[in-house]
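Working notes, structure below.
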Amino acid sequence: MDLGISGKRALVCASSKGLGRGCAEALAEAGVNLVMNARGSEALETAAEDIRKTYGVEVTAVAADIVSEEGRAKVLDAAGSVDILVTNAGGPPPGIWSDWGREDFIKALDGNMLTPIALMTALMPGMIDRGWGRVVNITSQSVKAPIPALGLSNAARTGLTGYVAGTARQVAEYGVIVNNLLPGIHATDRADQLDGGVSKAQGISVEQARKNRQLTIPARRYGTRQEFGATCAFLCSQHSGFIVGQNILIDGGGTNATI
């Protein structure tokens, strides 16, 4: 399928690896020029060069902490006018309710709610002026069904979801389409972190922790960055203009819900 976005320009956050990289690769395959961001310059430059060589698109790599005001300003200055925004940030650490104080919640909100909102606020006016834009926020399956150990993430990402629910409906008439992708467990560093935590807590190997988690997923496996990226690219395409303010699960059936 021709996604109809060749020649567009996208900012993809946290895209040196994992789900962000999957989104960057899928957009590049569709002919989209990229501004890629991550904190680590070495991994980012490697990913950017791989994508340039593989897909022949323009790639600007900006190493910066997108959560900080300084880092965000650096990324936005390099990005300029973009047609597509994919927001993404690593989740806060797992724990239980008694582990977290005010500063922990502020940090989670900064990373997983306020930063995506700031990026949308900065970039959507240009999209509105041009009459076309796409925003995809990578959130989590936990906004549909909370994960007890991820209380910080549950709270911050659900806040973003509420913001998007109203905002998406305010900007759709201008051709700017905003949706959220809700990943379940994928084969990424985040999965390794979570499986490592379970391994330590239960006194089992990481391999056994992974097998146990896979058994809770109807698909009986973790997702891949490639299939996640393909869904992201479709939501960024010319074909997604009537999909507004939706929360799309990519979790192998792991969230047990009717709707």
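So you can find residues: chains in the structure tokens are A, B, ... in the order shown, residues in each start at 1, and ligands are numbered from 1 in order.
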
Would you write out, as CSV, a table of all residues in segment 99-167 of chain A that have an atom no more than 12 Å from an atom of segment 215-232 of chain A, listing for each the closest atom pair and the distance in Å to one decimal, considering only C-alpha atoms and ordering rows by chain and rising residue number?
residue,atom,partner,partner_atom,distance
A:Arg134,CA,A:Cys232,CA,10.3
A:Val135,CA,A:Cys232,CA,9.7
A:Val136,CA,A:Cys232,CA,7.1
A:Asn137,CA,A:Cys232,CA,9.3
A:Ile138,CA,A:Cys232,CA,9.0

The selected residues should be written to file as an mmCIF file, in the first residue's frame (atoms: N, CA, C and O atoms).
data_model
loop_
_atom_site.group_PDB
_atom_site.id
_atom_site.type_symbol
_atom_site.label_atom_id
_atom_site.label_comp_id
_atom_site.auth_asym_id
_atom_site.auth_seq_id
_atom_site.Cartn_x
_atom_site.Cartn_y
_atom_site.Cartn_z
ATOM 1 N N ARG A 134 0.027 14.872 11.217
ATOM 2 C CA ARG A 134 -0.227 13.623 11.928
ATOM 3 C C ARG A 134 0.586 13.611 13.215
ATOM 4 O O ARG A 134 1.781 13.936 13.208
ATOM 5 N N VAL A 135 -0.067 13.228 14.302
ATOM 6 C CA VAL A 135 0.610 13.050 15.586
ATOM 7 C C VAL A 135 0.266 11.670 16.110
ATOM 8 O O VAL A 135 -0.915 11.288 16.164
ATOM 9 N N VAL A 136 1.290 10.915 16.475
ATOM 10 C CA VAL A 136 1.105 9.623 17.129
ATOM 11 C C VAL A 136 1.882 9.658 18.430
ATOM 12 O O VAL A 136 3.094 9.878 18.437
ATOM 13 N N ASN A 137 1.186 9.441 19.530
ATOM 14 C CA ASN A 137 1.817 9.357 20.843
ATOM 15 C C ASN A 137 1.935 7.891 21.233
ATOM 16 O O ASN A 137 0.936 7.157 21.237
ATOM 17 N N ILE A 138 3.143 7.473 21.556
ATOM 18 C CA ILE A 138 3.338 6.110 22.042
ATOM 19 C C ILE A 138 3.111 6.126 23.551
ATOM 20 O O ILE A 138 3.876 6.739 24.299
#

Margin query: Which residues are close to segment 58-73 of chain A, i.e. within 6 Å by only C-alpha atoms, leaving aside same-chain residues fewer than 6 positions away? Reply as a list in words.
Written below: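 Returned residues: Asn33, Leu34, Val35, Met36, Asn37, Ala38, Arg39, Ser41, Gly111 and Thr115 of chain A.
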
Preceding selection exported with N, CA and C atoms as a PDB file, in the first residue's frame:
ATOM      1  N   ASN A  33      11.259  11.899   5.240  1.00  0.00           N
ATOM      2  CA  ASN A  33      12.513  12.406   5.780  1.00  0.00           C
ATOM      3  C   ASN A  33      12.379  12.578   7.285  1.00  0.00           C
ATOM      4  N   LEU A  34      13.447  12.304   8.015  1.00  0.00           N
ATOM      5  CA  LEU A  34      13.349  12.176   9.462  1.00  0.00           C
ATOM      6  C   LEU A  34      14.206  13.171  10.225  1.00  0.00           C
ATOM      7  N   VAL A  35      13.691  13.582  11.367  1.00  0.00           N
ATOM      8  CA  VAL A  35      14.484  14.153  12.445  1.00  0.00           C
ATOM      9  C   VAL A  35      14.388  13.149  13.584  1.00  0.00           C
ATOM     10  N   MET A  36      15.502  12.519  13.905  1.00  0.00           N
ATOM     11  CA  MET A  36      15.533  11.501  14.942  1.00  0.00           C
ATOM     12  C   MET A  36      16.167  12.071  16.207  1.00  0.00           C
ATOM     13  N   ASN A  37      15.582  11.722  17.337  1.00  0.00           N
ATOM     14  CA  ASN A  37      16.074  12.218  18.612  1.00  0.00           C
ATOM     15  C   ASN A  37      16.264  11.070  19.588  1.00  0.00           C
ATOM     16  N   ALA A  38      17.301  11.174  20.393  1.00  0.00           N
ATOM     17  CA  ALA A  38      17.528  10.287  21.530  1.00  0.00           C
ATOM     18  C   ALA A  38      18.572  10.959  22.408  1.00  0.00           C
ATOM     19  N   ARG A  39      18.765  10.448  23.604  1.00  0.00           N
ATOM     20  CA  ARG A  39      19.759  11.046  24.501  1.00  0.00           C
ATOM     21  C   ARG A  39      21.178  10.609  24.167  1.00  0.00           C
ATOM     22  N   SER A  41      24.169   9.851  21.905  1.00  0.00           N
ATOM     23  CA  SER A  41      24.562  10.248  20.553  1.00  0.00           C
ATOM     24  C   SER A  41      25.100   9.080  19.737  1.00  0.00           C
ATOM     25  N   GLY A 111       8.032  13.411  31.817  1.00  0.00           N
ATOM     26  CA  GLY A 111       8.472  12.563  30.724  1.00  0.00           C
ATOM     27  C   GLY A 111       7.352  12.025  29.866  1.00  0.00           C
ATOM     28  N   THR A 115       5.851  16.496  28.360  1.00  0.00           N
ATOM     29  CA  THR A 115       6.724  16.631  27.183  1.00  0.00           C
ATOM     30  C   THR A 115       5.967  16.394  25.881  1.00  0.00           C
TER      31      THR A 115
END

Check: Could you name the residues that touch segment 124-130 of chain A at 8 Å or less, counting only C-alpha atoms, but leaving out those on the same chain fewer than 2 positions away, as a count of residues only?
Finding: 12

Note to self: Please identify the helix (DSSP H, G or I) residues within segment 185-256 of chain A (assignment by DSSP from backbone atoms) and present them as a PyMOL selection string.
What the structure shows: chain A and resi 189-202+206-214+225-235+238-240

Checklist line | Residue nearest Ser237 of chain A among A:Gln214, A:Asp50, A:Val178, A:Asp99 (counting only C-alpha atoms) | finding: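 With only C-alpha atoms as the atom set, the closest residue is A:Val178.
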
Next item on the list: Would you mind listing what lies within 8 Å of Leu3 of chain A as JSON, numbers by chain, with only C-alpha atoms counted and same-chain residues fewer than 6 positions away left out?
Entry: {"A": [30, 233, 234, 237, 238, 239]}

Could you turn the residues from that selection into a file that holds all heavy atoms, as a short mmCIF file (atom, residue, chain, number, x, y, z; two decimals), in the first residue's frame?
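What landed in out-v9.cif:
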data_model
loop_
_atom_site.label_atom_id
_atom_site.label_comp_id
_atom_site.auth_asym_id
_atom_site.auth_seq_id
_atom_site.Cartn_x
_atom_site.Cartn_y
_atom_site.Cartn_z
N ALA A 30 8.48 4.48 3.85
CA ALA A 30 7.42 5.16 3.12
C ALA A 30 7.89 6.44 2.44
O ALA A 30 7.10 7.15 1.83
CB ALA A 30 6.26 5.48 4.06
N ALA A 233 3.21 3.94 11.05
CA ALA A 233 3.29 4.55 9.73
C ALA A 233 1.91 4.68 9.09
O ALA A 233 1.61 5.68 8.44
CB ALA A 233 4.22 3.74 8.83
N PHE A 234 1.06 3.67 9.29
CA PHE A 234 -0.30 3.78 8.74
C PHE A 234 -1.05 4.94 9.38
O PHE A 234 -1.75 5.70 8.69
CB PHE A 234 -1.08 2.48 8.94
CG PHE A 234 -2.49 2.59 8.43
CD1 PHE A 234 -2.76 2.47 7.08
CD2 PHE A 234 -3.54 2.86 9.30
CE1 PHE A 234 -4.06 2.61 6.60
CE2 PHE A 234 -4.84 3.01 8.83
CZ PHE A 234 -5.10 2.88 7.47
N SER A 237 -0.30 8.12 7.79
CA SER A 237 -0.47 8.13 6.34
C SER A 237 -1.64 8.99 5.89
O SER A 237 -2.42 9.51 6.71
CB SER A 237 -0.68 6.70 5.84
OG SER A 237 -2.01 6.26 6.13
N GLN A 238 -1.80 9.08 4.58
CA GLN A 238 -2.93 9.78 4.00
C GLN A 238 -4.24 9.04 4.24
O GLN A 238 -5.32 9.62 4.07
CB GLN A 238 -2.72 9.94 2.48
CG GLN A 238 -1.53 10.80 2.09
CD GLN A 238 -1.81 12.29 2.23
OE1 GLN A 238 -2.83 12.71 2.77
NE2 GLN A 238 -0.88 13.11 1.75
N HIS A 239 -4.17 7.78 4.66
CA HIS A 239 -5.37 6.95 4.79
C HIS A 239 -6.00 7.03 6.17
O HIS A 239 -7.04 6.39 6.41
CB HIS A 239 -5.02 5.49 4.48
CG HIS A 239 -4.30 5.31 3.18
ND1 HIS A 239 -4.87 5.61 1.96
CD2 HIS A 239 -3.03 4.88 2.91
CE1 HIS A 239 -4.00 5.37 0.99
NE2 HIS A 239 -2.87 4.94 1.54
#
